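Data file: final.csv. Format and content: CSV, C-alpha atoms.
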chain,number,residue,atom,x,y,z
A,1,MET,CA,-25.8,51.6,-33.0
A,2,GLN,CA,-22.9,51.7,-35.4
A,3,TRP,CA,-23.9,50.8,-39.0
A,4,ASP,CA,-21.5,49.5,-41.6
A,5,LYS,CA,-22.8,50.2,-45.1
A,6,LEU,CA,-22.0,48.8,-48.5
A,7,HIS,CA,-23.3,50.2,-51.8
A,8,CYS,CA,-23.0,48.2,-55.0
A,9,ALA,CA,-24.7,47.6,-58.3
A,10,ALA,CA,-27.5,45.0,-58.2
A,11,THR,CA,-25.7,42.3,-60.2
A,12,LEU,CA,-24.8,38.8,-59.3
A,13,GLU,CA,-21.1,39.4,-59.7
A,14,HIS,CA,-21.3,41.4,-56.5
A,15,LEU,CA,-22.6,38.6,-54.4
A,16,VAL,CA,-19.2,37.7,-53.1
A,17,LEU,CA,-18.6,41.3,-52.1
A,18,VAL,CA,-21.9,41.4,-50.2
A,19,THR,CA,-21.5,38.1,-48.4
A,20,GLU,CA,-17.9,38.9,-47.4
A,21,PHE,CA,-19.0,42.3,-46.1
A,22,VAL,CA,-21.8,40.8,-44.0
A,23,GLU,CA,-19.4,38.0,-42.7
A,24,GLU,CA,-16.9,40.5,-41.5
A,25,CYS,CA,-19.6,42.6,-39.8
A,26,ALA,CA,-21.1,39.5,-38.2
A,27,ASP,CA,-17.6,38.5,-36.9
A,28,ARG,CA,-17.1,42.0,-35.4
A,29,SER,CA,-20.5,41.6,-33.8
A,30,ASP,CA,-19.6,38.2,-32.3
A,31,LEU,CA,-22.5,36.5,-34.0
A,32,ALA,CA,-22.4,32.7,-33.3
A,33,ALA,CA,-21.6,30.5,-36.2
A,34,LYS,CA,-25.1,29.1,-36.7
A,35,LYS,CA,-26.7,32.6,-36.7
A,36,LYS,CA,-23.9,33.8,-39.0
A,37,PHE,CA,-24.7,31.1,-41.5
A,38,GLY,CA,-28.4,32.2,-41.3
A,39,ALA,CA,-27.5,35.8,-41.9
A,40,LEU,CA,-25.3,35.0,-44.9
A,41,LEU,CA,-28.0,32.8,-46.4
A,42,ALA,CA,-30.6,35.5,-45.8
A,43,VAL,CA,-28.5,38.3,-47.3
A,44,GLU,CA,-27.8,36.1,-50.4
A,45,GLU,CA,-31.5,35.4,-50.9
A,46,ALA,CA,-32.5,39.1,-50.4
A,47,PHE,CA,-29.7,40.3,-52.7
A,48,VAL,CA,-30.4,37.8,-55.5
A,49,ASN,CA,-34.1,38.7,-55.4
A,50,ILE,CA,-33.2,42.4,-55.9
A,51,CYS,CA,-30.8,41.4,-58.7
A,52,SER,CA,-33.6,39.4,-60.4
A,53,TYR,CA,-36.6,41.6,-59.9
A,54,ALA,CA,-36.0,45.1,-58.5
A,55,TYR,CA,-34.9,46.8,-61.7
A,56,PRO,CA,-36.7,45.3,-64.7
A,57,GLU,CA,-35.8,48.4,-66.7
A,58,GLY,CA,-32.1,47.9,-66.3
A,59,SER,CA,-29.5,48.5,-63.6
A,60,GLY,CA,-29.8,49.8,-60.1
A,61,GLU,CA,-28.2,49.9,-56.7
A,62,VAL,CA,-28.3,47.9,-53.5
A,63,GLU,CA,-27.4,49.1,-50.1
A,64,VAL,CA,-26.5,46.6,-47.4
A,65,ALA,CA,-26.2,47.8,-43.8
A,66,CYS,CA,-25.4,45.8,-40.7
A,67,GLY,CA,-24.3,46.2,-37.2
A,68,ALA,CA,-24.8,45.1,-33.6
A,69,ASP,CA,-27.6,46.6,-31.5
A,70,GLY,CA,-27.6,45.3,-28.0
A,71,ASP,CA,-28.4,41.6,-28.2
A,72,ALA,CA,-29.3,41.8,-31.9
A,73,PHE,CA,-27.3,41.7,-35.1
A,74,VAL,CA,-29.3,43.8,-37.5
A,75,LEU,CA,-29.1,43.5,-41.3
A,76,GLU,CA,-30.9,45.7,-43.8
A,77,VAL,CA,-31.0,45.3,-47.5
A,78,ALA,CA,-32.4,48.2,-49.6
A,79,ASP,CA,-33.2,48.8,-53.2
A,80,LYS,CA,-34.7,51.8,-55.1
A,81,GLY,CA,-37.1,49.8,-57.2
A,82,SER,CA,-40.9,50.1,-57.3
A,83,PRO,CA,-42.6,49.7,-54.0
A,84,PHE,CA,-42.7,45.9,-53.3
A,85,ASP,CA,-43.0,44.1,-50.0
A,86,VAL,CA,-41.4,40.7,-50.5
A,87,LEU,CA,-43.0,39.6,-47.2
A,88,SER,CA,-46.4,40.0,-48.9
A,89,LEU,CA,-45.7,36.9,-50.9
A,90,PRO,CA,-47.5,33.8,-49.6
A,91,GLU,CA,-45.5,31.1,-47.8
A,92,PRO,CA,-44.5,28.5,-50.3
A,93,ASP,CA,-46.4,25.3,-50.4
A,94,THR,CA,-43.6,23.0,-49.3
A,95,THR,CA,-45.5,20.0,-50.5
A,96,LEU,CA,-45.1,21.2,-54.1
A,97,ASP,CA,-42.0,20.3,-56.1
A,98,ILE,CA,-39.5,23.2,-55.9
A,99,MET,CA,-39.6,23.7,-59.7
A,100,ASP,CA,-43.4,24.3,-59.5
A,101,ARG,CA,-43.2,26.9,-56.8
A,102,GLU,CA,-43.4,30.6,-57.3
A,103,ILE,CA,-40.0,32.0,-58.3
A,104,GLY,CA,-38.3,33.7,-55.4
A,105,GLY,CA,-40.6,32.0,-52.9
A,106,LEU,CA,-38.0,29.6,-51.5
A,107,GLY,CA,-35.5,32.4,-50.9
A,108,ILE,CA,-38.0,34.5,-48.8
A,109,HIS,CA,-39.0,31.3,-47.0
A,110,PHE,CA,-35.3,30.9,-45.9
A,111,ILE,CA,-35.2,34.5,-44.8
A,112,ARG,CA,-38.3,34.0,-42.6
A,113,LYS,CA,-37.0,30.8,-41.1
A,114,LEU,CA,-33.4,31.8,-40.4
A,115,SER,CA,-33.9,35.3,-39.1
A,116,ASP,CA,-35.4,35.9,-35.6
A,117,ARG,CA,-37.4,38.8,-36.9
A,118,VAL,CA,-38.0,40.2,-40.3
A,119,SER,CA,-39.9,43.3,-41.5
A,120,TYR,CA,-40.4,45.5,-44.5
A,121,ARG,CA,-40.7,49.3,-44.8
A,122,ARG,CA,-40.8,51.8,-47.6
A,123,GLU,CA,-38.7,54.8,-46.8
A,124,ASN,CA,-37.2,57.6,-48.9
A,125,GLY,CA,-38.0,55.9,-52.1
A,126,GLN,CA,-36.4,52.6,-51.0
A,127,ASN,CA,-37.7,49.1,-50.2
A,128,ILE,CA,-35.9,48.1,-47.0
A,129,LEU,CA,-35.9,44.6,-45.7
A,130,ARG,CA,-34.8,44.4,-42.1
A,131,MET,CA,-33.6,41.1,-40.6
A,132,VAL,CA,-32.6,40.6,-37.0
A,133,PHE,CA,-30.5,37.8,-35.6
A,134,GLN,CA,-30.1,37.2,-31.8
A,135,ARG,CA,-26.4,37.5,-30.8
A,136,THR,CA,-26.5,35.6,-27.6
A,137,PRO,CA,-28.4,32.5,-26.7
A,138,VAL,CA,-30.8,32.9,-23.8
A,139,ASP,CA,-29.1,31.4,-20.7
A,140,LEU,CA,-31.5,29.5,-18.6
A,141,PRO,CA,-30.9,29.6,-14.9
B,1,MET,CA,-16.6,26.4,-55.5
B,2,ASP,CA,-14.4,23.6,-56.7
B,3,MET,CA,-15.7,20.4,-58.2
B,4,GLN,CA,-13.9,17.1,-58.6
B,5,THR,CA,-15.2,14.1,-60.5
B,6,LYS,CA,-14.0,10.5,-60.1
B,7,LYS,CA,-15.1,7.5,-62.1
B,8,GLU,CA,-15.9,4.5,-60.0
B,9,GLU,CA,-16.9,1.1,-61.3
B,10,ASN,CA,-20.6,1.7,-61.2
B,11,ALA,CA,-21.0,5.5,-60.9
B,12,THR,CA,-19.3,8.9,-61.2
B,13,VAL,CA,-18.6,10.5,-57.8
B,14,VAL,CA,-18.9,14.3,-58.0
B,15,THR,CA,-17.3,16.1,-55.0
B,16,ILE,CA,-18.5,19.7,-54.5
B,17,ILE,CA,-16.3,21.9,-52.4
B,18,GLY,CA,-17.0,25.3,-50.8
B,19,ARG,CA,-20.1,27.3,-51.7
B,20,LEU,CA,-23.1,26.3,-53.9
B,21,ASP,CA,-24.7,29.7,-54.3
B,22,ALA,CA,-26.4,31.9,-57.0
B,23,VAL,CA,-23.0,32.5,-58.6
B,24,THR,CA,-21.6,29.0,-58.6
B,25,ALA,CA,-24.8,27.0,-59.1
B,26,PRO,CA,-24.6,27.4,-63.0
B,27,GLU,CA,-21.1,25.8,-62.9
B,28,TYR,CA,-22.5,22.7,-61.2
B,29,GLU,CA,-25.5,22.5,-63.6
B,30,LYS,CA,-23.2,22.9,-66.7
B,31,LYS,CA,-20.8,20.2,-65.4
B,32,LEU,CA,-23.5,17.7,-64.5
B,33,ASN,CA,-25.3,18.3,-67.8
B,34,GLU,CA,-22.0,17.5,-69.6
B,35,LEU,CA,-21.6,14.3,-67.7
B,36,ILE,CA,-25.3,13.3,-68.2
B,37,ALA,CA,-24.9,14.0,-71.9
B,38,GLY,CA,-21.8,11.8,-71.9
B,39,ALA,CA,-24.1,8.9,-71.0
B,40,GLU,CA,-23.2,8.5,-67.3
B,41,ALA,CA,-26.3,7.1,-65.7
B,42,SER,CA,-25.3,6.8,-62.0
B,43,PHE,CA,-24.0,9.6,-59.8
B,44,VAL,CA,-23.0,10.1,-56.2
B,45,VAL,CA,-22.7,13.7,-55.1
B,46,ASP,CA,-20.4,14.1,-52.1
B,47,PHE,CA,-21.3,17.0,-49.9
B,48,ASP,CA,-18.5,16.4,-47.3
B,49,GLN,CA,-16.6,19.5,-48.2
B,50,LEU,CA,-19.6,21.8,-49.0
B,51,ASP,CA,-19.8,24.6,-46.5
B,52,TYR,CA,-22.8,26.5,-47.8
B,53,ILE,CA,-25.9,26.2,-50.0
B,54,SER,CA,-28.7,28.6,-50.9
B,55,SER,CA,-32.0,28.3,-52.8
B,56,ALA,CA,-30.1,28.7,-56.1
B,57,GLY,CA,-28.0,25.7,-55.2
B,58,LEU,CA,-31.0,23.6,-54.3
B,59,ARG,CA,-32.6,24.5,-57.6
B,60,VAL,CA,-29.8,23.2,-59.7
B,61,LEU,CA,-29.4,20.0,-57.6
B,62,LEU,CA,-33.1,19.3,-58.3
B,63,ALA,CA,-33.0,20.3,-61.9
B,64,THR,CA,-30.1,18.0,-62.7
B,65,ALA,CA,-31.5,15.1,-60.6
B,66,LYS,CA,-34.8,15.4,-62.6
B,67,ARG,CA,-33.0,15.5,-65.9
B,68,LEU,CA,-31.0,12.4,-65.0
B,69,LYS,CA,-34.2,10.6,-63.8
B,70,GLY,CA,-35.8,11.5,-67.1
B,71,LYS,CA,-33.0,9.6,-68.8
B,72,GLY,CA,-33.4,6.6,-66.5
B,73,GLY,CA,-30.4,7.4,-64.4
B,74,GLN,CA,-30.0,7.6,-60.6
B,75,MET,CA,-28.3,10.1,-58.3
B,76,ARG,CA,-27.6,9.7,-54.6
B,77,PHE,CA,-26.2,12.3,-52.1
B,78,ALA,CA,-23.6,11.5,-49.6
B,79,ASN,CA,-22.4,13.3,-46.4
B,80,VAL,CA,-25.1,16.0,-46.3
B,81,LYS,CA,-24.6,17.4,-42.8
B,82,GLY,CA,-24.4,20.4,-40.6
B,83,ALA,CA,-25.7,23.7,-41.8
B,84,VAL,CA,-26.2,22.4,-45.4
B,85,LYS,CA,-28.4,19.6,-44.0
B,86,GLU,CA,-30.4,22.3,-42.1
B,87,VAL,CA,-31.0,24.2,-45.4
B,88,PHE,CA,-32.3,20.9,-47.0
B,89,ASP,CA,-34.6,20.4,-44.0
B,90,ILE,CA,-36.0,24.0,-44.0
B,91,SER,CA,-36.7,23.8,-47.7
B,92,GLY,CA,-39.2,21.0,-47.1
B,93,PHE,CA,-37.9,18.8,-49.9
B,94,GLY,CA,-34.8,17.2,-48.3
B,95,SER,CA,-36.7,14.0,-48.3
B,96,ILE,CA,-37.1,13.8,-52.0
B,97,PHE,CA,-33.4,13.1,-52.5
B,98,GLN,CA,-31.7,9.8,-51.7
B,99,MET,CA,-29.2,10.4,-48.9
B,100,ASP,CA,-26.4,8.3,-47.5
B,101,ASP,CA,-23.9,8.6,-44.7
B,102,SER,CA,-20.9,7.9,-46.9
B,103,VAL,CA,-19.8,7.7,-50.6
B,104,ASP,CA,-19.2,4.0,-50.2
B,105,ALA,CA,-22.8,3.5,-48.8
B,106,ALA,CA,-24.2,5.4,-51.7
B,107,LEU,CA,-22.1,3.4,-54.3
B,108,ALA,CA,-23.3,0.2,-52.7
B,109,LYS,CA,-27.0,1.2,-53.3
B,110,LEU,CA,-26.5,1.9,-57.0
B,111,PRO,CA,-26.7,-0.8,-59.7
B,112,ALA,CA,-23.5,-2.7,-60.1

With the file now loaded, output its structure as structure tokens.
Amino acid sequence: MQWDKLHCAATLEHLVLVTEFVEECADRSDLAAKKKFGALLAVEEAFVNICSYAYPEGSGEVEVACGADGDAFVLEVADKGSPFDVLSLPEPDTTLDIMDREIGGLGIHFIRKLSDRVSYRRENGQNILRMVFQRTPVDLP
Amino acid sequence: MDMQTKKEENATVVTIIGRLDAVTAPEYEKKLNELIAGAEASFVVDFDQLDYISSAGLRVLLATAKRLKGKGGQMRFANVKGAVKEVFDISGFGSIFQMDDSVDAALAKLPA
């Protein structure tokens, strides 16, 4: 598959750059509007989590990669912070008031709900979150 | 994101336009805090032209609604629909806000 990649500093001012990059890539991949919304929300949540927590000592970089792979639109967000699997966080208790929930918990909840598959791996000193969105609805006969 | 405010007889209508995300959410919070500090007690937030919201947006909506409630005020949301409505639903706390199908319907439910 053909990957499009974007590198930028992990600071909130780059959020627009990241979402526009993913939107253009999703459009080239013919991702349906609803799935595209999910991908844009998921990439914001992943990026903001990295901006907030990946580099407590200072600044660092984010790599966003996306592309079409058969029926799937694949989106990966990577940082070079300490090993941390964001998917290891418990599901938020949605009966609790949002202000009382674990910080970052709602963002990862959105990632889980809006992607069709999500996985984490540690590779070459990077935390990589991989999110997959189906490109085509399943046509029932 | 753009924001417009309009004073009606019994409330201030705040229209939010575009994206309420991690970058723009602080603008919303600042504006609402100013209005609350200015002694406005009733608000309608109009979502008709809001295309996008993330967890950071939901957080400031709730934080300002709570601050207002602490001061005895009320806030209602109008025209929450489409993808934005879906985000409210997935978050599991969409039901804690008071929702109406139009700004007029929301205004009618606030104290005269």

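Using all atoms listed in the file, the residues found no farther than 12 Å from Leu35 in chain B, other than those of its own chain fewer than 3 positions away, are Thr5, Lys6, Lys7, Ala11, Thr12, Val13, Val14, Tyr28, Glu29, Lys30, Lys31, Leu32, Gly38, Ala39, Glu40, Ala41, Ser42, Phe43, Thr64, Arg67, Leu68 and Gly73 of chain B.
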
Pick out the residues sitting within 9 Å of Asp85 in chain A, and hand them over as a list in words; count all atoms listed in the file, and ignore anything fewer than 3 positions along from it in its own chain.
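That gives Ser88, Leu89, Tyr120, Arg121, Arg122, Asn127, Ile128 and Leu129 of chain A.
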
* Any idea what the distance is between CA of Gly57 in chain B and CA of Asp101 in chain B? ->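 Answer for the CA of Gly57 in chain B to CA of Asp101 in chain B separation: 20.5 Å.
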
Between CA of Trp3 in chain A and CA of Ala68 in chain A, what is the distance, to one decimal in Å?
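Pair CA of Trp3 in chain A / CA of Ala68 in chain A returns 7.9 Å.
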
Using all atoms listed in the file, which residues sit within 10 Å of range 31-34 of chain A once same-chain residues fewer than 4 positions away are excluded, as JSON, numbers by chain? {"A": [23, 25, 26, 27, 38, 39, 68, 71, 72, 73, 114, 133, 134, 135, 136, 137], "B": [82, 83]}

Among the residues B:Glu8, B:Glu27, B:Asp2, B:Glu86, the one that comes closest to chain A [using only C-alpha atoms] =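 The closest residue to chain A is B:Glu86.
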
Near range 8-12 of chain A, counting all atoms listed in the file, which residues have an atom at most 10 Å away, once you skip same-chain residues fewer than 5 positions from it, shown as JSON, numbers by chain?
{"A": [17, 18, 44, 47, 48, 49, 50, 51, 52, 53, 54, 55, 58, 59, 60, 61, 62, 63, 64, 79], "B": [22, 23]}

Go ahead and write the selection's residues with C-alpha atoms as a short mmCIF file (atom, residue, chain, number, x, y, z; two decimals), in the coordinates of the input.
data_model
loop_
_atom_site.label_atom_id
_atom_site.label_comp_id
_atom_site.auth_asym_id
_atom_site.auth_seq_id
_atom_site.Cartn_x
_atom_site.Cartn_y
_atom_site.Cartn_z
CA LEU A 17 -18.60 41.30 -52.10
CA VAL A 18 -21.90 41.40 -50.20
CA GLU A 44 -27.80 36.10 -50.40
CA PHE A 47 -29.70 40.30 -52.70
CA VAL A 48 -30.40 37.80 -55.50
CA ASN A 49 -34.10 38.70 -55.40
CA ILE A 50 -33.20 42.40 -55.90
CA CYS A 51 -30.80 41.40 -58.70
CA SER A 52 -33.60 39.40 -60.40
CA TYR A 53 -36.60 41.60 -59.90
CA ALA A 54 -36.00 45.10 -58.50
CA TYR A 55 -34.90 46.80 -61.70
CA GLY A 58 -32.10 47.90 -66.30
CA SER A 59 -29.50 48.50 -63.60
CA GLY A 60 -29.80 49.80 -60.10
CA GLU A 61 -28.20 49.90 -56.70
CA VAL A 62 -28.30 47.90 -53.50
CA GLU A 63 -27.40 49.10 -50.10
CA VAL A 64 -26.50 46.60 -47.40
CA ASP A 79 -33.20 48.80 -53.20
CA ALA B 22 -26.40 31.90 -57.00
CA VAL B 23 -23.00 32.50 -58.60
#

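With all atoms listed in the file as the atoms that count, the minimum distance from Ile108 in chain A to the choices A:Leu75, A:Leu15, A:Leu41, A:Ala65 is reached by A:Leu41.
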
Exercise for the section: Dig up all the protein and nucleic acid residues within 12 Å of (-16.7, 14.8, -52.8) in the file frame, using all atoms listed in the file, and format them as a PyMOL selection string. Expected result: chain B and resi 1-7+12-18+43-50+77-80+102-104

Take the residues from that selection and write them out as a short mmCIF file (atom, residue, chain, number, x, y, z; two decimals), in the coordinates of the input, keeping C-alpha atoms.
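Dumped to again_38.cif:
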data_model
loop_
_atom_site.label_atom_id
_atom_site.label_comp_id
_atom_site.auth_asym_id
_atom_site.auth_seq_id
_atom_site.Cartn_x
_atom_site.Cartn_y
_atom_site.Cartn_z
CA MET B 1 -16.60 26.40 -55.50
CA ASP B 2 -14.40 23.60 -56.70
CA MET B 3 -15.70 20.40 -58.20
CA GLN B 4 -13.90 17.10 -58.60
CA THR B 5 -15.20 14.10 -60.50
CA LYS B 6 -14.00 10.50 -60.10
CA LYS B 7 -15.10 7.50 -62.10
CA THR B 12 -19.30 8.90 -61.20
CA VAL B 13 -18.60 10.50 -57.80
CA VAL B 14 -18.90 14.30 -58.00
CA THR B 15 -17.30 16.10 -55.00
CA ILE B 16 -18.50 19.70 -54.50
CA ILE B 17 -16.30 21.90 -52.40
CA GLY B 18 -17.00 25.30 -50.80
CA PHE B 43 -24.00 9.60 -59.80
CA VAL B 44 -23.00 10.10 -56.20
CA VAL B 45 -22.70 13.70 -55.10
CA ASP B 46 -20.40 14.10 -52.10
CA PHE B 47 -21.30 17.00 -49.90
CA ASP B 48 -18.50 16.40 -47.30
CA GLN B 49 -16.60 19.50 -48.20
CA LEU B 50 -19.60 21.80 -49.00
CA PHE B 77 -26.20 12.30 -52.10
CA ALA B 78 -23.60 11.50 -49.60
CA ASN B 79 -22.40 13.30 -46.40
CA VAL B 80 -25.10 16.00 -46.30
CA SER B 102 -20.90 7.90 -46.90
CA VAL B 103 -19.80 7.70 -50.60
CA ASP B 104 -19.20 4.00 -50.20
#

Closest-contact table, chain B side, partner chain A, 9 Å, counting only C-alpha atoms, as JSON lines:
{"residue": "B:Asp21", "atom": "CA", "partner": "A:Glu44", "partner_atom": "CA", "distance": 8.1}
{"residue": "B:Ala22", "atom": "CA", "partner": "A:Val48", "partner_atom": "CA", "distance": 7.3}
{"residue": "B:Val23", "atom": "CA", "partner": "A:Leu12", "partner_atom": "CA", "distance": 6.6}
{"residue": "B:Tyr52", "atom": "CA", "partner": "A:Phe37", "partner_atom": "CA", "distance": 8.0}
{"residue": "B:Ile53", "atom": "CA", "partner": "A:Leu41", "partner_atom": "CA", "distance": 7.8}
{"residue": "B:Ser54", "atom": "CA", "partner": "A:Leu41", "partner_atom": "CA", "distance": 6.2}
{"residue": "B:Ser55", "atom": "CA", "partner": "A:Gly107", "partner_atom": "CA", "distance": 5.7}
{"residue": "B:Ala56", "atom": "CA", "partner": "A:Gly107", "partner_atom": "CA", "distance": 8.4}
{"residue": "B:Leu58", "atom": "CA", "partner": "A:Ile98", "partner_atom": "CA", "distance": 8.7}
{"residue": "B:Arg59", "atom": "CA", "partner": "A:Ile98", "partner_atom": "CA", "distance": 7.2}
{"residue": "B:Leu62", "atom": "CA", "partner": "A:Ile98", "partner_atom": "CA", "distance": 7.9}
{"residue": "B:Ala63", "atom": "CA", "partner": "A:Met99", "partner_atom": "CA", "distance": 7.7}
{"residue": "B:Ala83", "atom": "CA", "partner": "A:Lys34", "partner_atom": "CA", "distance": 7.5}
{"residue": "B:Val87", "atom": "CA", "partner": "A:Phe110", "partner_atom": "CA", "distance": 8.0}
{"residue": "B:Ile90", "atom": "CA", "partner": "A:Phe110", "partner_atom": "CA", "distance": 7.2}
{"residue": "B:Ser91", "atom": "CA", "partner": "A:Leu106", "partner_atom": "CA", "distance": 7.1}
{"residue": "B:Gly92", "atom": "CA", "partner": "A:Thr94", "partner_atom": "CA", "distance": 5.3}
{"residue": "B:Phe93", "atom": "CA", "partner": "A:Thr94", "partner_atom": "CA", "distance": 7.1}

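Computed from the coordinates, the CA of Pro83 in chain A to CA of Gln126 in chain A distance equals 7.5 Å.
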
Can you pull out every residue within 8 Å of Ser119 in chain A, counting only C-alpha atoms, but drop anything in the same chain fewer than 4 positions away, and send it as a ChimeraX atom specification?
/A:87,129-131

Original post:
For Asp4 in chain A, which residue among A:Glu76, A:Glu91, A:Asp116, A:Glu57 is the nearest when counting all atoms listed in the file?
Top reply: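 Among A:Glu76, A:Glu91, A:Asp116, A:Glu57, it is A:Glu76 that comes nearest to Asp4 in chain A.
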